Amino acid sequence: RLDWQIALVAIGVSPVLMFLTSYYRGRMRDSWTSVKEHQSAAMSIVQELLTSIRIIKAYGQEERERARFIERSNRGLKEQIHASYLSAGFDLVIGLTIAGGTATVLTMGVTHVLRQTLSLGELLLIMAYLSQLYSPLQKISKTVAKLQAAFASAERVFTLLDEVPSVTERPKARAITATEGRIEFKNVSFAYGDNQQVLTDLSFLIEPGQRVGISGSTGAGKTTLISLLMRFYDPTTGTILLDGEDLREYKLRHLRNQFALVLQEPVLFSTTIATNIAYADASASQAKIIEAAKAAHAHEFIVNLPKGYDTEVGERGMLLSGGERQRITLARAFLKNAPIMIFDEPTSSVDIHTEALIMDALNRLMRDRTTFMIAHRLSTLDSCDVKLNIEDGRLISFQNGQETQSSSFSTVREVAR
């Protein structure tokens, strides 16, 4: 109301600030996103190096890996400098814009005062109002700039949180408390993506309590078959039945509680031996933990350790030998006491004496349970009732006691060749 011409000039700075903020905001967001990606890549290298330190030392590649980490870190540093340069440039542009608006208003005000269309007091009042208008706009613009780094981090977090699970639970999935262990594959095929076919048209039936040995060359699809059984993935086509019901009809947590898994590479956590054994049942008493360890032939070496069951195993169990780690994972399986057992090459990386101990524990653990055992050494599968031979994702032969079903002779001959 004091001077409409000066008011138009003063307010006209706001759209300019909005345009500059919008323009720089996108550039700063992209720059900070790049910074976070390079920082994440550098930390990934650190994690990779720490878990592979023995190989790095064995091949004398310390300097090479140091240079790789520094090179990746320098990329992140350059991006961070670029992001800071953009932020500083934005602050400079905002300051110049507001200074330009203030100078224009002051020039027009002085002119109007000289023309006596505006009094000096009114000009001073206008300049005070102008400060109250520009100061919040400047703070808002700078805050928007500072938030871009936080938005870039939040975007990466929400990208992870919004990742769609590979397996989803049906809305009306039902609980399962106990299973007989009768498993049937009906024309099951599976592929990673569109072109990477892994399993093709598998069909077989496993009765409760049977021991199933799975053999085949590396990459034939043995581990994928087990992953489908535990619903880490769903079949591309076909159906897997547990006690006559599709696996997808069960709640995931209840379904997986029916399985105990022992992998080729023992997986231990950076905590005590007792906690690792009790991972399958956090409420297990010390007596049950010891009983499971004895069943897995692990109690003997555990009690000889300085702190016994309270001994820390180190990162990934590196303070223990391979055989000791494997026996602890077997004790974990004993403690879970699941009706279906899965063993993926449990003795491939241990010596003969340790293998004998593990196999003795396995034979007791498999008693009266449906069991799937993957092995390259066929002698490991001698105690199995059913033997599956898988090659190139296809079931080449199915042996159930005296009954043997094979694919066409030409297929077998091609595999042998």
# chains A, B, ... in the order shown; residues from 1 in each chain; ligands from 1
$ select_by_dssp --residues "segment 167-344 of chain A" --states "alpha helix (DSSP H)" --output "ChimeraX atom specification"
/A:222-229,252-256,273-277,286-295,299-303,322-336
$ select_by_dssp --residues "segment 193-379 of chain A" --states "strand (DSSP E or B)" --output "ChimeraX atom specification"
/A:196-206,211-215,237-242,245-246,250,259-262,272,312,340-344,370-374
$ closest_atom_pairs --of "segment 229-338 of chain A" --to "segment 161-184 of chain A" --cutoff "10 Å" --atoms "only C-alpha atoms" --output "CSV"
residue,atom,partner,partner_atom,distance
A:Leu229,CA,A:Ile183,CA,8.8
A:Arg231,CA,A:Val167,CA,7.1
A:Phe232,CA,A:Val167,CA,6.7
A:Tyr233,CA,A:Val167,CA,5.9
A:Asp234,CA,A:Val167,CA,6.5
A:Thr239,CA,A:Glu184,CA,8.2
A:Ile240,CA,A:Glu184,CA,5.8
A:Leu241,CA,A:Glu184,CA,5.0
A:Leu242,CA,A:Ile183,CA,4.8
A:Asp243,CA,A:Arg182,CA,4.9
A:Gly244,CA,A:Arg182,CA,7.5
A:Glu245,CA,A:Ile183,CA,9.3
A:Asp246,CA,A:Glu184,CA,9.4
A:Leu247,CA,A:Ala173,CA,9.6
A:Arg248,CA,A:Arg170,CA,7.0
A:Glu249,CA,A:Ala173,CA,5.0
A:Tyr250,CA,A:Arg174,CA,4.9
A:Lys251,CA,A:Ala173,CA,5.1
A:Leu252,CA,A:Glu169,CA,6.5
A:Arg253,CA,A:Ala175,CA,8.6
A:His254,CA,A:Ile176,CA,5.6
A:Leu255,CA,A:Ile176,CA,6.6
A:Arg256,CA,A:Ile176,CA,9.8
A:Asn257,CA,A:Thr177,CA,8.5
A:Gln258,CA,A:Thr179,CA,7.0
A:Phe259,CA,A:Gly181,CA,9.7
A:Ala338,CA,A:Ala178,CA,8.9
$ closest_residue --among "A:Ile352, A:Val13, A:Ala295, A:Leu378" --to "Gly213 of chain A" --atoms "only C-alpha atoms"
A:Leu378
$ closest_residue --among "A:Thr311, A:Ser34, A:Thr275, A:Ser217" --to "His82 of chain A" --atoms "only C-alpha atoms"
A:Ser34
$ residues_around --residues "Ala298 of chain A" --least-positions-apart "3" --cutoff "12 Å" --atoms "only C-alpha atoms" --output "number ranges by chain"
A: 273-274, 277, 289-295, 301-305, 308-309, 320-321, 323-332, 334, 354, 357-358, 361
$ closest_residue --among "A:Glu48, A:Ser383, A:Val262, A:Asp310" --to "Gln286 of chain A" --atoms "only C-alpha atoms"
A:Asp310
$ closest_residue --among "A:Asp30, A:Ser227, A:Gln5, A:Lys186" --to "Thr111 of chain A" --atoms "only C-alpha atoms"
A:Gln5
$ atom_distance --atom1 "atom CA of Asn389 of chain A" --atom2 "atom CA of Leu199 of chain A"
12.6 Å
$ closest_residue --among "A:Lys222, A:Arg64, A:Arg377, A:His299" --to "Glu391 of chain A" --atoms "only C-alpha atoms"
A:Lys222
$ atom_distance --atom1 "atom CA of Thr223 of chain A" --atom2 "atom CA of Asp360 of chain A"
23.2 Å
